[in-house]
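Accompanying notes for the structure given below.
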Amino acid sequence: MTSRRLPHELEKMRRAGRIVAQTLRHLSQMVAPGVTTLDLDKEAESFIRAAGGVPSFLGYRGYPGTVCASVNDEIVHGIPGQRVLAEGDIISIDVGAIWEGYQGDAALTVGVGCVSGAAQRLMDATRSALYAGIAAVHDGVRLGDVSHAIEQSARASGLEIVREYGGHGIGREMHEGPHILNWGPPGGGIKLRQGMTICLEPMLTLGGFETRLTGNRWTVVTADGSLAAHFEHTIAVTMDGAEILTLDDETGWEAMG
């Protein structure tokens with residue numbers, strides 16, 4: 001279970017989060033037809049290390065990349081490689097970085113060139129679901145209320161929610177308890193307390209909620225081949241809300257643009 005962070009710990013997580021946000025900003029500006037997911041991965045490692053951070057994902061439980069690059073029907077954990085991005089694709093980029101032993105983790109989904117109206121609606125709805133969850137966070141709230149807020153936002157868009165995967169606690173370890181569902185009834189679960197640090201990460205699809213693990217044993221895709229989108233922020237619980245830690249406060253740019 002994630003613990004309540006002391007002020008100096010939160011400051012290190014803000015620094016890690018800033019590196020993540022700046023990396024996502026940089027990578028999202030690189031996304032274009034003809035770019036490979038490996039191009040994005042190599043650039044991410046160089047960028048994170050130049051900023052003084054350490055890539056969280058590289059080598060984590062054997063994962064071979066610095067980022068997760070999930071294209072179209074890939075929901076999460078897409079392994080970077082020789083895949084060439086094409087006009088109309090959408091790509092989820094998930095980035096983690098460590099600063100002095102503390103983690104930051106965020107993801108966003110962007111279009112490659114011009115995308116369909118349905119794809120844009122999917123990305124917009126997934127981002128909105130993330131912010132609905134963040135808006136529900138404050139000291140003393142039940143975790144089920146946060147999950148329910150994400151679900152309500154997603155349902156209002158008419159899209160399906162991936163049920164097997166969700167958010168998590170974060171701190172010294174990238175994945176700490178609790179596991180945070182993106183759906184469920186309100187009123188249940190643990191109470192969030194000031195200083196706790198968690199990641200919220202809704203994943204929505206244009207089709208069904210069923211998933212399939214591919215042969216590389218990492219990449220998760222929609223079972224029906226429909227498009228999927230994924231957004232994530234690392235946040236700290238405050239008395240009256242949530243502080244988003246994965247922001248670039250030096251430029252004011254947010255890694256969800």
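The way I read the labels, and the way they are meant: chains A, B, ... in the order of the structure tokens, residue 1 as the first residue of every chain, and ligand 1 as the first ligand shown, with later ones counted on from there.
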Name the residues in contact with range 220-230 of chain A at a cut-off of 6 Å, using only C-alpha atoms, excluding same-chain residues fewer than 2 positions from it; report them as a list in words. Asn72, Asp73, Glu74, Ile75, Val76, Thr109, Met123, Pro202, Met203, Leu204, Thr205, Leu206, Gly207, Glu210, Thr211, Arg212 and Leu213 of chain A
Selection file, N, CA and C atoms, as a PDB file, in the first residue's frame:
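Output saved as result-v8.pdb:
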ATOM      1  N   ASN A  72      -3.122   1.980 -32.057  1.00  0.00           N
ATOM      2  CA  ASN A  72      -4.461   1.587 -32.533  1.00  0.00           C
ATOM      3  C   ASN A  72      -5.168   0.645 -31.567  1.00  0.00           C
ATOM      4  N   ASP A  73      -5.215  -0.666 -31.850  1.00  0.00           N
ATOM      5  CA  ASP A  73      -5.930  -1.606 -30.979  1.00  0.00           C
ATOM      6  C   ASP A  73      -5.100  -2.056 -29.794  1.00  0.00           C
ATOM      7  N   GLU A  74      -3.846  -1.607 -29.706  1.00  0.00           N
ATOM      8  CA  GLU A  74      -3.003  -1.935 -28.554  1.00  0.00           C
ATOM      9  C   GLU A  74      -3.386  -1.020 -27.398  1.00  0.00           C
ATOM     10  N   ILE A  75      -3.733  -1.616 -26.271  1.00  0.00           N
ATOM     11  CA  ILE A  75      -4.221  -0.832 -25.130  1.00  0.00           C
ATOM     12  C   ILE A  75      -3.062  -0.323 -24.289  1.00  0.00           C
ATOM     13  N   VAL A  76      -2.213  -1.242 -23.856  1.00  0.00           N
ATOM     14  CA  VAL A  76      -1.057  -0.905 -23.015  1.00  0.00           C
ATOM     15  C   VAL A  76       0.094  -1.844 -23.338  1.00  0.00           C
ATOM     16  N   THR A 109      -2.475   9.778 -25.297  1.00  0.00           N
ATOM     17  CA  THR A 109      -2.712   9.217 -26.619  1.00  0.00           C
ATOM     18  C   THR A 109      -2.842  10.362 -27.605  1.00  0.00           C
ATOM     19  N   MET A 123     -10.169   9.667 -27.915  1.00  0.00           N
ATOM     20  CA  MET A 123      -9.089  10.307 -27.162  1.00  0.00           C
ATOM     21  C   MET A 123      -9.636  11.374 -26.217  1.00  0.00           C
ATOM     22  N   PRO A 202      -7.341   5.764 -16.935  1.00  0.00           N
ATOM     23  CA  PRO A 202      -8.425   5.129 -17.682  1.00  0.00           C
ATOM     24  C   PRO A 202      -7.990   4.687 -19.069  1.00  0.00           C
ATOM     25  N   MET A 203      -8.587   3.583 -19.525  1.00  0.00           N
ATOM     26  CA  MET A 203      -8.377   3.050 -20.874  1.00  0.00           C
ATOM     27  C   MET A 203      -9.760   2.756 -21.447  1.00  0.00           C
ATOM     28  N   LEU A 204     -10.084   3.393 -22.562  1.00  0.00           N
ATOM     29  CA  LEU A 204     -11.386   3.231 -23.197  1.00  0.00           C
ATOM     30  C   LEU A 204     -11.211   2.676 -24.604  1.00  0.00           C
ATOM     31  N   THR A 205     -12.288   2.071 -25.112  1.00  0.00           N
ATOM     32  CA  THR A 205     -12.258   1.513 -26.460  1.00  0.00           C
ATOM     33  C   THR A 205     -13.492   1.943 -27.246  1.00  0.00           C
ATOM     34  N   LEU A 206     -13.385   1.830 -28.565  1.00  0.00           N
ATOM     35  CA  LEU A 206     -14.532   2.072 -29.432  1.00  0.00           C
ATOM     36  C   LEU A 206     -15.389   0.829 -29.597  1.00  0.00           C
ATOM     37  N   GLY A 207     -14.906  -0.304 -29.067  1.00  0.00           N
ATOM     38  CA  GLY A 207     -15.648  -1.548 -29.169  1.00  0.00           C
ATOM     39  C   GLY A 207     -15.980  -2.125 -27.818  1.00  0.00           C
ATOM     40  N   GLU A 210     -13.363  -6.570 -23.757  1.00  0.00           N
ATOM     41  CA  GLU A 210     -12.521  -7.754 -23.660  1.00  0.00           C
ATOM     42  C   GLU A 210     -11.132  -7.477 -24.229  1.00  0.00           C
ATOM     43  N   THR A 211     -10.123  -8.094 -23.613  1.00  0.00           N
ATOM     44  CA  THR A 211      -8.739  -7.881 -24.026  1.00  0.00           C
ATOM     45  C   THR A 211      -8.063  -9.209 -24.346  1.00  0.00           C
ATOM     46  N   ARG A 212      -6.905  -9.091 -24.983  1.00  0.00           N
ATOM     47  CA  ARG A 212      -6.108 -10.271 -25.311  1.00  0.00           C
ATOM     48  C   ARG A 212      -4.638  -9.929 -25.148  1.00  0.00           C
ATOM     49  N   LEU A 213      -3.879 -10.822 -24.528  1.00  0.00           N
ATOM     50  CA  LEU A 213      -2.435 -10.655 -24.391  1.00  0.00           C
ATOM     51  C   LEU A 213      -1.768 -11.270 -25.610  1.00  0.00           C
TER      52      LEU A 213
END
Using the chain letters and numbers from this document, which residues of range 17-82 of chain A does DSSP assign to strand (DSSP E or B), as a PyMOL selection string? chain A and resi 36+54-55+67-71+74-76
Only C-alpha atoms, please: the residues just picked out, written as a CSV table (one decimal), in the first residue's frame.
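The result, written out as out-v8.csv:
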chain,number,residue,atom,x,y,z
A,36,THR,CA,8.9,4.3,-35.9
A,54,VAL,CA,16.5,7.2,-14.9
A,55,PRO,CA,14.0,5.4,-17.2
A,67,VAL,CA,8.4,3.7,-23.2
A,68,CYS,CA,5.3,1.7,-23.9
A,69,ALA,CA,4.2,2.6,-27.4
A,70,SER,CA,0.7,1.2,-28.1
A,71,VAL,CA,-0.8,1.8,-31.5
A,74,GLU,CA,-3.0,-1.9,-28.6
A,75,ILE,CA,-4.2,-0.8,-25.1
A,76,VAL,CA,-1.1,-0.9,-23.0
Compare A:Pro33, A:Thr126, A:Arg5, A:Val115 by their minimum atom-to-atom distance to Arg193 in chain A, counting only C-alpha atoms, and give me the closest one.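 Nearest candidate to Arg193 in chain A out of A:Pro33, A:Thr126, A:Arg5, A:Val115: A:Arg5.
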List every residue of range 18-244 of chain A that DSSP, applied to the backbone of this structure, places in alpha helix (DSSP H), and write the result as a VMD selection string. chain A and resid 18 to 30 37 to 50 117 to 135 143 to 156
For Cys199 in chain A, which residue out of A:Ala149, A:Ala106, A:Ala242, A:Ala118 is the nearest one, using only C-alpha atoms?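 Of A:Ala149, A:Ala106, A:Ala242, A:Ala118, the one nearest Cys199 in chain A, counting only C-alpha atoms, is A:Ala106.
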Would you work out the distance separating CA of His233 in chain A from CA of Thr246 in chain A, expressed in Å to one decimal?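 Answer for the CA of His233 in chain A to CA of Thr246 in chain A separation: 6.0 Å.
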Find, counting only C-alpha atoms, the residue in A:Arg163, A:Arg14, A:Arg61, A:Arg25 that gets nearest to Ile150 in chain A. A:Arg163
With a distance cut-off of 12 Å and only C-alpha atoms, select the neighbouring residues of Arg155 in chain A, excluding the residue or stretch itself and same-chain residues fewer than 3 positions from it, and output the selection as a list in words. Leu122, Ala125, Thr126, Ser128, Ala129, Ala132, His148, Ala149, Ile150, Glu151, Gln152, Gly158, Leu159, Glu160, Ile161, Val162, Asn182, Trp183, Gly184, Leu204, Thr205 and Leu206 of chain A
Put those residues in a file: C-alpha atoms, as a tab-separated table (two decimals), in the first residue's frame.
chain	number	residue	atom	x	y	z
A	122	LEU	CA	-12.18	8.32	-28.14
A	125	ALA	CA	-13.41	10.98	-23.82
A	126	THR	CA	-10.51	9.08	-22.26
A	128	SER	CA	-12.06	13.58	-19.78
A	129	ALA	CA	-12.47	10.37	-17.78
A	132	ALA	CA	-13.20	13.24	-13.76
A	148	HIS	CA	-17.06	5.51	-10.10
A	149	ALA	CA	-16.36	9.06	-11.26
A	150	ILE	CA	-14.11	7.72	-14.02
A	151	GLU	CA	-16.78	5.21	-15.04
A	152	GLN	CA	-19.57	7.81	-15.10
A	158	GLY	CA	-20.95	5.99	-24.82
A	159	LEU	CA	-17.60	4.20	-24.87
A	160	GLU	CA	-16.45	0.98	-23.23
A	161	ILE	CA	-14.04	0.73	-20.29
A	162	VAL	CA	-11.18	-1.77	-20.14
A	182	ASN	CA	-11.70	2.52	-13.68
A	183	TRP	CA	-15.21	1.31	-12.89
A	184	GLY	CA	-17.33	0.15	-9.97
A	204	LEU	CA	-11.39	3.23	-23.20
A	205	THR	CA	-12.26	1.51	-26.46
A	206	LEU	CA	-14.53	2.07	-29.43
Looking at A:Gly195, A:Gly215, A:Gly78, A:Gly53, which one is nearest to Asp139 in chain A, with distances taken over only C-alpha atoms?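 Distance minimum relative to Asp139 in chain A lands on A:Gly195.
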Selection near Gly189 in chain A, 10 Å with only C-alpha atoms, sequence-local residues under 6 positions removed, as a PDB file with N, CA and C atoms, in the first residue's frame:
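New file out-v9.pdb:
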ATOM      1  N   VAL A 141     -11.734  10.643   0.805  1.00  0.00           N
ATOM      2  CA  VAL A 141     -12.647  10.058  -0.171  1.00  0.00           C
ATOM      3  C   VAL A 141     -12.391   8.555  -0.279  1.00  0.00           C
ATOM      4  N   ARG A 142     -13.422   7.804  -0.527  1.00  0.00           N
ATOM      5  CA  ARG A 142     -13.284   6.376  -0.766  1.00  0.00           C
ATOM      6  C   ARG A 142     -12.777   6.147  -2.195  1.00  0.00           C
ATOM      7  N   LEU A 143     -11.901   5.174  -2.332  1.00  0.00           N
ATOM      8  CA  LEU A 143     -11.335   4.892  -3.634  1.00  0.00           C
ATOM      9  C   LEU A 143     -12.420   4.519  -4.637  1.00  0.00           C
ATOM     10  N   GLY A 144     -13.465   3.837  -4.162  1.00  0.00           N
ATOM     11  CA  GLY A 144     -14.561   3.487  -5.052  1.00  0.00           C
ATOM     12  C   GLY A 144     -15.253   4.692  -5.652  1.00  0.00           C
ATOM     13  N   ASP A 145     -15.265   5.818  -4.940  1.00  0.00           N
ATOM     14  CA  ASP A 145     -15.870   7.031  -5.473  1.00  0.00           C
ATOM     15  C   ASP A 145     -15.068   7.572  -6.648  1.00  0.00           C
ATOM     16  N   VAL A 146     -13.742   7.430  -6.571  1.00  0.00           N
ATOM     17  CA  VAL A 146     -12.877   7.872  -7.666  1.00  0.00           C
ATOM     18  C   VAL A 146     -13.096   6.981  -8.888  1.00  0.00           C
ATOM     19  N   SER A 147     -13.104   5.678  -8.670  1.00  0.00           N
ATOM     20  CA  SER A 147     -13.350   4.739  -9.771  1.00  0.00           C
ATOM     21  C   SER A 147     -14.701   5.002 -10.422  1.00  0.00           C
ATOM     22  N   PRO A 178      -2.761   0.846  -3.701  1.00  0.00           N
ATOM     23  CA  PRO A 178      -3.801  -0.089  -4.126  1.00  0.00           C
ATOM     24  C   PRO A 178      -3.928  -0.166  -5.650  1.00  0.00           C
ATOM     25  N   ILE A 180      -6.265   0.372  -8.701  1.00  0.00           N
ATOM     26  CA  ILE A 180      -7.361   1.336  -8.830  1.00  0.00           C
ATOM     27  C   ILE A 180      -8.157   1.024 -10.091  1.00  0.00           C
TER      28      ILE A 180
END
Selected residue of minimal separation from Asp89 in chain A among A:Val112, A:Ile170, A:Ile198, A:Leu130, counting only C-alpha atoms: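 Smallest separation from Asp89 in chain A among the options: A:Val112.
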